[in-house]
$ cat protein24.pdb   # PDB, C-alpha atoms
MODEL        1
ATOM      1  CA  MET A  30      -1.294 -39.884 -48.808
ATOM      2  CA  SER A  31      -3.263 -41.615 -51.579
ATOM      3  CA  LYS A  32      -0.014 -42.594 -53.365
ATOM      4  CA  SER A  33       1.141 -44.560 -50.315
ATOM      5  CA  LEU A  34      -2.208 -46.389 -50.177
ATOM      6  CA  ARG A  35      -1.957 -47.252 -53.860
ATOM      7  CA  LEU A  36       1.557 -48.539 -53.378
ATOM      8  CA  THR A  37       0.414 -50.679 -50.421
ATOM      9  CA  ALA A  38      -2.482 -52.103 -52.427
ATOM     10  CA  LEU A  39      -0.252 -52.980 -55.394
ATOM     11  CA  THR A  40       2.281 -54.608 -53.082
ATOM     12  CA  ALA A  41      -0.457 -56.680 -51.434
ATOM     13  CA  LEU A  42      -1.765 -57.816 -54.855
ATOM     14  CA  ALA A  43       1.724 -58.681 -56.030
ATOM     15  CA  MET A  44       2.331 -60.808 -52.934
ATOM     16  CA  LEU A  45      -0.982 -62.673 -53.205
ATOM     17  CA  PRO A  46       0.275 -65.546 -55.468
ATOM     18  CA  ALA A  47       3.326 -66.073 -53.256
ATOM     19  CA  VAL A  48       1.157 -66.233 -50.143
ATOM     20  CA  ALA A  49      -1.210 -68.643 -51.878
ATOM     21  CA  SER A  50       1.578 -70.996 -52.950
ATOM     22  CA  PHE A  51       3.140 -70.856 -49.479
ATOM     23  CA  ALA A  52      -0.211 -71.662 -47.907
ATOM     24  CA  ALA A  53      -0.707 -74.586 -50.308
ATOM     25  CA  GLU A  54       2.664 -76.045 -49.394
ATOM     26  CA  GLN A  55       1.904 -75.695 -45.716
ATOM     27  CA  GLN A  56      -1.454 -77.385 -46.154
ATOM     28  CA  GLU A  57       0.039 -80.377 -47.936
ATOM     29  CA  HIS A  58       2.590 -80.885 -45.177
ATOM     30  CA  ALA A  59       0.439 -80.324 -42.083
ATOM     31  CA  GLY A  60      -3.202 -80.643 -42.840
ATOM     32  CA  GLY A  61      -3.388 -76.845 -42.771
ATOM     33  CA  MET A  62      -6.135 -74.377 -42.386
ATOM     34  CA  PRO A  63      -9.333 -74.831 -44.334
ATOM     35  CA  GLN A  64      -9.286 -71.206 -45.449
ATOM     36  CA  LEU A  65      -6.040 -71.776 -47.298
ATOM     37  CA  ARG A  66      -7.089 -74.832 -49.291
ATOM     38  CA  PHE A  67      -6.717 -73.746 -52.850
ATOM     39  CA  ASP A  68      -8.402 -76.788 -54.243
ATOM     40  CA  ASN A  69     -11.632 -75.486 -52.742
ATOM     41  CA  PRO A  70     -13.987 -74.228 -55.501
ATOM     42  CA  LEU A  71     -15.035 -71.228 -53.387
ATOM     43  CA  LEU A  72     -11.513 -69.902 -53.169
ATOM     44  CA  VAL A  73     -11.691 -67.963 -56.427
ATOM     45  CA  ALA A  74     -14.945 -66.330 -55.383
ATOM     46  CA  GLN A  75     -13.466 -65.391 -52.036
ATOM     47  CA  VAL A  76     -10.423 -63.836 -53.717
ATOM     48  CA  VAL A  77     -12.610 -61.913 -56.169
ATOM     49  CA  TRP A  78     -14.789 -60.580 -53.330
ATOM     50  CA  LEU A  79     -11.675 -59.731 -51.362
ATOM     51  CA  LEU A  80     -10.304 -57.694 -54.252
ATOM     52  CA  ALA A  81     -13.680 -56.041 -54.891
ATOM     53  CA  ILE A  82     -14.123 -55.051 -51.245
ATOM     54  CA  PHE A  83     -10.521 -53.879 -51.050
ATOM     55  CA  ALA A  84     -10.955 -51.780 -54.208
ATOM     56  CA  LEU A  85     -14.221 -50.337 -52.881
ATOM     57  CA  LEU A  86     -12.593 -49.470 -49.540
ATOM     58  CA  TYR A  87      -9.643 -47.990 -51.382
ATOM     59  CA  VAL A  88     -11.892 -45.801 -53.553
ATOM     60  CA  LEU A  89     -13.944 -44.701 -50.525
ATOM     61  CA  MET A  90     -10.863 -43.889 -48.477
ATOM     62  CA  ALA A  91      -8.960 -42.159 -51.307
ATOM     63  CA  GLY A  92     -11.935 -40.281 -52.727
ATOM     64  CA  ILE A  93     -14.077 -39.399 -49.713
ATOM     65  CA  ALA A  94     -12.603 -40.036 -46.266
ATOM     66  CA  LEU A  95      -9.008 -38.947 -46.710
ATOM     67  CA  PRO A  96      -9.847 -35.634 -48.477
ATOM     68  CA  ARG A  97     -12.256 -34.818 -45.636
ATOM     69  CA  VAL A  98      -9.582 -35.634 -43.071
ATOM     70  CA  ALA A  99      -7.119 -33.498 -45.050
ATOM     71  CA  LYS A 100      -9.641 -30.618 -45.097
ATOM     72  CA  VAL A 101     -10.170 -30.947 -41.346
ATOM     73  CA  LEU A 102      -6.415 -31.002 -40.756
ATOM     74  CA  GLU A 103      -5.908 -27.996 -43.037
ATOM     75  CA  ALA A 104      -8.753 -26.093 -41.329
ATOM     76  CA  ARG A 105      -7.249 -26.938 -37.959
ATOM     77  CA  ARG A 106      -3.797 -25.852 -39.106
ATOM     78  CA  SER A 107      -5.148 -22.571 -40.494
ATOM     79  CA  ARG A 108      -7.164 -21.963 -37.291
ATOM     80  CA  ILE A 109      -4.077 -22.663 -35.159
ATOM     81  CA  ASP A 110      -1.991 -20.354 -37.375
ATOM     82  CA  GLY A 111      -4.690 -17.685 -37.097
ATOM     83  CA  ASP A 112      -4.830 -18.094 -33.329
ATOM     84  CA  LEU A 113      -1.039 -17.893 -33.110
ATOM     85  CA  GLU A 114      -1.032 -14.768 -35.267
ATOM     86  CA  ALA A 115      -3.782 -13.227 -33.141
ATOM     87  CA  ALA A 116      -1.825 -14.136 -30.007
ATOM     88  CA  ARG A 117       1.332 -12.540 -31.462
ATOM     89  CA  ALA A 118      -0.620  -9.406 -32.365
ATOM     90  CA  ALA A 119      -2.188  -9.296 -28.888
ATOM     91  CA  LYS A 120       1.244  -9.754 -27.311
ATOM     92  CA  ASP A 121       2.657  -6.956 -29.463
ATOM     93  CA  ARG A 122      -0.259  -4.710 -28.445
ATOM     94  CA  ALA A 123       0.232  -5.643 -24.800
ATOM     95  CA  ASP A 124       3.964  -4.933 -25.053
ATOM     96  CA  ALA A 125       3.259  -1.573 -26.684
ATOM     97  CA  ALA A 126       0.677  -0.759 -24.001
ATOM     98  CA  MET A 127       3.156  -1.753 -21.287
ATOM     99  CA  ASP A 128       5.829   0.468 -22.858
ATOM    100  CA  ASP A 129       3.322   3.339 -23.050
ATOM    101  CA  HIS A 130       2.384   2.720 -19.416
ATOM    102  CA  ARG A 131       6.020   2.729 -18.330
ATOM    103  CA  THR A 132       6.673   5.932 -20.288
ATOM    104  CA  ALA A 133       3.569   7.623 -18.844
ATOM    105  CA  THR A 134       4.493   6.481 -15.335
ATOM    106  CA  ALA A 135       8.037   7.802 -15.698
ATOM    107  CA  ARG A 136       6.738  11.106 -17.101
ATOM    108  CA  ALA A 137       4.155  11.422 -14.309
ATOM    109  CA  ARG A 138       6.795  10.610 -11.693
ATOM    110  CA  ALA A 139       9.141  13.236 -13.155
ATOM    111  CA  GLU A 140       6.346  15.821 -13.247
ATOM    112  CA  ALA A 141       5.346  14.993  -9.682
ATOM    113  CA  GLN A 142       8.942  15.312  -8.502
ATOM    114  CA  ALA A 143       9.256  18.644 -10.323
ATOM    115  CA  GLN A 144       6.011  19.883  -8.732
ATOM    116  CA  VAL A 145       7.161  18.729  -5.289
ATOM    117  CA  ALA A 146      10.524  20.463  -5.783
ATOM    118  CA  ALA A 147       8.764  23.644  -6.949
ATOM    119  CA  ALA A 148       6.372  23.497  -3.984
ATOM    120  CA  VAL A 149       9.293  22.995  -1.580
ATOM    121  CA  THR A 150      11.144  25.937  -3.161
ATOM    122  CA  ARG A 151       8.037  28.129  -2.942
ATOM    123  CA  ALA A 152       7.476  27.100   0.668
ATOM    124  CA  GLN A 153      11.112  27.838   1.522
ATOM    125  CA  ASP A 154      10.891  31.230  -0.191
ATOM    126  CA  GLU A 155       7.649  32.054   1.626
ATOM    127  CA  LEU A 156       9.159  30.884   4.908
ATOM    128  CA  LEU A 157      12.254  32.980   4.298
ATOM    129  CA  THR A 158      10.100  36.029   3.474
ATOM    130  CA  LYS A 159       7.937  35.484   6.551
ATOM    131  CA  THR A 160      11.036  34.896   8.689
ATOM    132  CA  ASP A 161      12.612  38.114   7.449
ATOM    133  CA  ALA A 162       9.378  40.028   8.107
ATOM    134  CA  MET A 163       9.067  38.474  11.567
ATOM    135  CA  ASN A 164      12.723  39.242  12.344
ATOM    136  CA  ALA A 165      12.243  42.868  11.273
ATOM    137  CA  LYS A 166       9.081  43.136  13.377
ATOM    138  CA  LEU A 167      10.829  41.541  16.360
ATOM    139  CA  ALA A 168      13.809  43.886  15.912
ATOM    140  CA  GLN A 169      11.424  46.841  15.970
ATOM    141  CA  GLN A 170       9.674  45.480  19.047
ATOM    142  CA  ILE A 171      13.032  44.844  20.754
ATOM    143  CA  GLU A 172      14.187  48.356  19.951
ATOM    144  CA  ALA A 173      10.889  49.763  21.270
ATOM    145  CA  ALA A 174      11.160  47.586  24.391
ATOM    146  CA  GLU A 175      14.775  48.616  24.934
ATOM    147  CA  ALA A 176      13.762  52.257  24.541
ATOM    148  CA  GLN A 177      10.946  51.756  27.054
ATOM    149  CA  ILE A 178      13.302  49.932  29.410
ATOM    150  CA  ALA A 179      15.891  52.687  29.074
ATOM    151  CA  ALA A 180      13.228  55.315  29.678
ATOM    152  CA  ALA A 181      11.897  53.383  32.677
ATOM    153  CA  ARG A 182      15.421  52.877  34.016
ATOM    154  CA  ASP A 183      16.206  56.549  33.562
ATOM    155  CA  ALA A 184      12.945  57.447  35.281
ATOM    156  CA  ALA A 185      13.663  54.959  38.072
ATOM    157  CA  MET A 186      17.208  56.230  38.429
ATOM    158  CA  GLY A 187      15.936  59.787  38.558
ATOM    159  CA  ALA A 188      13.409  58.805  41.191
ATOM    160  CA  LEU A 189      16.077  56.822  43.078
ATOM    161  CA  ARG A 190      18.446  59.794  42.961
ATOM    162  CA  LEU A 191      15.700  62.092  44.154
ATOM    163  CA  VAL A 192      14.599  59.763  46.945
ATOM    164  CA  SER A 193      18.219  59.100  47.920
ATOM    165  CA  ALA A 194      19.013  62.817  47.943
ATOM    166  CA  ASP A 195      15.869  63.601  49.975
ATOM    167  CA  THR A 196      16.576  60.807  52.419
ATOM    168  CA  ALA A 197      20.246  61.789  52.793
ATOM    169  CA  ALA A 198      19.287  65.441  53.267
ATOM    170  CA  ALA A 199      16.725  64.501  55.917
ATOM    171  CA  VAL A 200      19.191  62.259  57.745
ATOM    172  CA  VAL A 201      21.943  64.920  57.649
ATOM    173  CA  ALA A 202      19.452  67.566  58.737
ATOM    174  CA  ARG A 203      18.400  65.464  61.676
ATOM    175  CA  ILE A 204      21.906  64.636  62.718
ATOM    176  CA  ALA A 205      23.624  67.959  62.041
ATOM    177  CA  GLY A 206      20.667  70.183  62.315
ATOM    178  CA  GLY A 207      20.836  71.370  58.727
ATOM    179  CA  ALA A 208      22.164  70.215  55.318
ATOM    180  CA  ASP A 209      23.495  71.844  52.181
ATOM    181  CA  ARG A 210      21.338  70.449  49.397
ATOM    182  CA  GLY A 211      24.034  70.914  46.743
ATOM    183  CA  LEU A 212      26.619  68.954  48.793
ATOM    184  CA  VAL A 213      24.063  66.217  49.491
ATOM    185  CA  ASP A 214      23.134  65.955  45.768
ATOM    186  CA  ALA A 215      26.843  65.789  44.806
ATOM    187  CA  ALA A 216      27.512  63.051  47.410
ATOM    188  CA  VAL A 217      24.488  61.042  46.212
ATOM    189  CA  ASP A 218      25.618  61.369  42.563
ATOM    190  CA  ARG A 219      29.143  60.160  43.447
ATOM    191  CA  GLU A 220      27.791  57.220  45.387
ATOM    192  CA  LEU A 221      25.403  56.191  42.585
ATOM    193  CA  ALA A 222      28.238  56.504  40.052
ATOM    194  CA  ALA A 223      30.487  54.350  42.205
ATOM    195  CA  ARG A 224      27.798  51.662  42.381
ATOM    196  CA  GLY A 225      27.186  51.859  38.614
ATOM    197  CA  TYR A 226      23.737  53.398  38.684
ATOM    198  CA  ALA A 227      24.666  56.608  36.996
TER     199      ALA A 227
ENDMDL
END
$ encode --input "protein24.pdb" --output "structure tokens"
Amino acid sequence: MSKSLRLTALTALAMLPAVASFAAEQQEHAGGMPQLRFDNPLLVAQVVWLLAIFALLYVLMAGIALPRVAKVLEARRSRIDGDLEAARAAKDRADAAMDDHRTATARARAEAQAQVAAAVTRAQDELLTKTDAMNAKLAQQIEAAEAQIAAARDAAMGALRLVSADTAAAVVARIAGGADRGLVDAAVDRELAARGYA
């Protein structure tokens, strides 16, 4: 940056005589500007002060201001690079955390599905065991009920046969005056068998 300023300063100094001669020609032709009258005795002093101030400004800019600006720019660049590196590292950490989260979520989901499947299997097995036990108990109760029903039916049929035989014997005895109990029992048994009660 200081090389370009030096080059500009040298170019300006090299062009100074040409500008002065051009200004002198212009002044002769058109009355010109009083600042560009080279026959003025103060002109040399003005040029010397111009060069001195320019040199002082050049030294101040090249030696003090521009290095400070360069330091500020370098500090800013390094801070930006550091921030970018920190952002990259944070992004990498966030990506790794997101991958870990996805992996943990998938593992937890798989474990939960396995536990649900195991619980469903256990429940089905328990239900099947309870169903089998209930079916066996119901079968026993049905058999006991059927046995009771058969016993009650047999008892009722015996009572029906007895009542029927007694009633038939009484009716025959009233009508005929007497009845053979064996013939009456045989007739009642035939009649019950014909009706499907035997």
$ axis_aligned_box --input "protein24.pdb" --around "segment 121-130 of chain A" --padding-each-side "6 Å" --output "lines of an AutoDock Vina configuration file"
center_x = 2.8
center_y = -1.8
center_z = -24.4
size_x = 18.1
size_y = 22.3
size_z = 22.0
$ atom_distance --input "protein24.pdb" --atom1 "atom CA of Arg203 of chain A" --atom2 "atom CA of Asp218 of chain A"
20.8 Å
$ resolve_selection --input "protein24.pdb" --expression "the PyMOL selection byres ((chain A and resi 214) around 10)" --output "PyMOL selection string"
chain A and resi 190-191+193-195+197-198+209-213+215-220
$ decode --input "protein24.pdb" --residues "segment 65-151 of chain A" --atoms "C-alpha atoms" --output "tab-separated table (two decimals), in the first residue's frame"
chain	number	residue	atom	x	y	z
A	65	LEU	CA	-0.93	30.23	-11.29
A	66	ARG	CA	1.15	33.34	-11.93
A	67	PHE	CA	4.68	32.09	-11.87
A	68	ASP	CA	6.18	35.52	-11.93
A	69	ASN	CA	4.83	36.00	-8.42
A	70	PRO	CA	7.69	35.95	-5.85
A	71	LEU	CA	5.59	33.90	-3.40
A	72	LEU	CA	5.19	31.04	-5.82
A	73	VAL	CA	8.43	29.33	-4.85
A	74	ALA	CA	7.53	29.51	-1.17
A	75	GLN	CA	4.10	28.09	-1.88
A	76	VAL	CA	5.61	25.19	-3.85
A	77	VAL	CA	8.15	24.49	-1.10
A	78	TRP	CA	5.41	24.48	1.56
A	79	LEU	CA	3.28	22.29	-0.67
A	80	LEU	CA	6.08	19.75	-0.99
A	81	ALA	CA	6.86	19.92	2.74
A	82	ILE	CA	3.23	19.39	3.74
A	83	PHE	CA	2.85	16.63	1.17
A	84	ALA	CA	6.00	14.90	2.45
A	85	LEU	CA	4.82	15.27	6.06
A	86	LEU	CA	1.39	13.83	5.18
A	87	TYR	CA	3.07	11.05	3.26
A	88	VAL	CA	5.33	10.15	6.20
A	89	LEU	CA	2.39	10.28	8.64
A	90	MET	CA	0.19	8.15	6.42
A	91	ALA	CA	2.90	5.62	5.49
A	92	GLY	CA	4.44	5.37	8.95
A	93	ILE	CA	1.53	5.74	11.36
A	94	ALA	CA	-1.98	5.70	9.90
A	95	LEU	CA	-1.72	2.99	7.27
A	96	PRO	CA	0.05	0.44	9.55
A	97	ARG	CA	-2.68	0.99	12.15
A	98	VAL	CA	-5.37	0.50	9.52
A	99	ALA	CA	-3.53	-2.63	8.33
A	100	LYS	CA	-3.40	-3.93	11.93
A	101	VAL	CA	-7.11	-3.26	12.37
A	102	LEU	CA	-7.89	-5.01	9.09
A	103	GLU	CA	-5.67	-7.96	10.02
A	104	ALA	CA	-7.25	-8.19	13.50
A	105	ARG	CA	-10.68	-8.07	11.90
A	106	ARG	CA	-9.72	-10.73	9.37
A	107	SER	CA	-8.30	-12.99	12.09
A	108	ARG	CA	-11.41	-12.43	14.27
A	109	ILE	CA	-13.68	-13.25	11.31
A	110	ASP	CA	-11.60	-16.35	10.53
A	111	GLY	CA	-11.77	-17.36	14.19
A	112	ASP	CA	-15.52	-16.81	14.26
A	113	LEU	CA	-15.93	-18.82	11.05
A	114	GLU	CA	-13.81	-21.63	12.48
A	115	ALA	CA	-15.82	-21.57	15.72
A	116	ALA	CA	-19.03	-21.62	13.68
A	117	ARG	CA	-17.75	-24.59	11.65
A	118	ALA	CA	-16.79	-26.41	14.84
A	119	ALA	CA	-20.18	-25.63	16.39
A	120	LYS	CA	-21.92	-26.84	13.23
A	121	ASP	CA	-19.88	-30.05	13.28
A	122	ARG	CA	-20.77	-30.56	16.95
A	123	ALA	CA	-24.43	-29.86	16.21
A	124	ASP	CA	-24.37	-32.30	13.29
A	125	ALA	CA	-22.74	-34.95	15.47
A	126	ALA	CA	-25.30	-34.32	18.22
A	127	MET	CA	-28.12	-34.56	15.68
A	128	ASP	CA	-26.71	-37.85	14.36
A	129	ASP	CA	-26.43	-39.15	17.94
A	130	HIS	CA	-30.00	-38.03	18.60
A	131	ARG	CA	-31.27	-39.77	15.47
A	132	THR	CA	-29.38	-42.95	16.38
A	133	ALA	CA	-30.68	-42.87	19.96
A	134	THR	CA	-34.22	-42.21	18.74
A	135	ALA	CA	-34.05	-45.09	16.27
A	136	ARG	CA	-32.62	-47.40	18.96
A	137	ALA	CA	-35.29	-46.33	21.47
A	138	ARG	CA	-38.02	-46.81	18.87
A	139	ALA	CA	-36.70	-50.29	18.04
A	140	GLU	CA	-36.50	-51.20	21.73
A	141	ALA	CA	-40.00	-49.87	22.34
A	142	GLN	CA	-41.36	-51.85	19.40
A	143	ALA	CA	-39.60	-54.98	20.67
A	144	GLN	CA	-41.04	-54.43	24.17
A	145	VAL	CA	-44.52	-53.87	22.74
A	146	ALA	CA	-44.21	-57.03	20.62
A	147	ALA	CA	-43.00	-59.00	23.66
A	148	ALA	CA	-45.84	-57.61	25.79
A	149	VAL	CA	-48.38	-58.51	23.09
A	150	THR	CA	-46.92	-62.03	22.84
A	151	ARG	CA	-47.01	-62.43	26.63
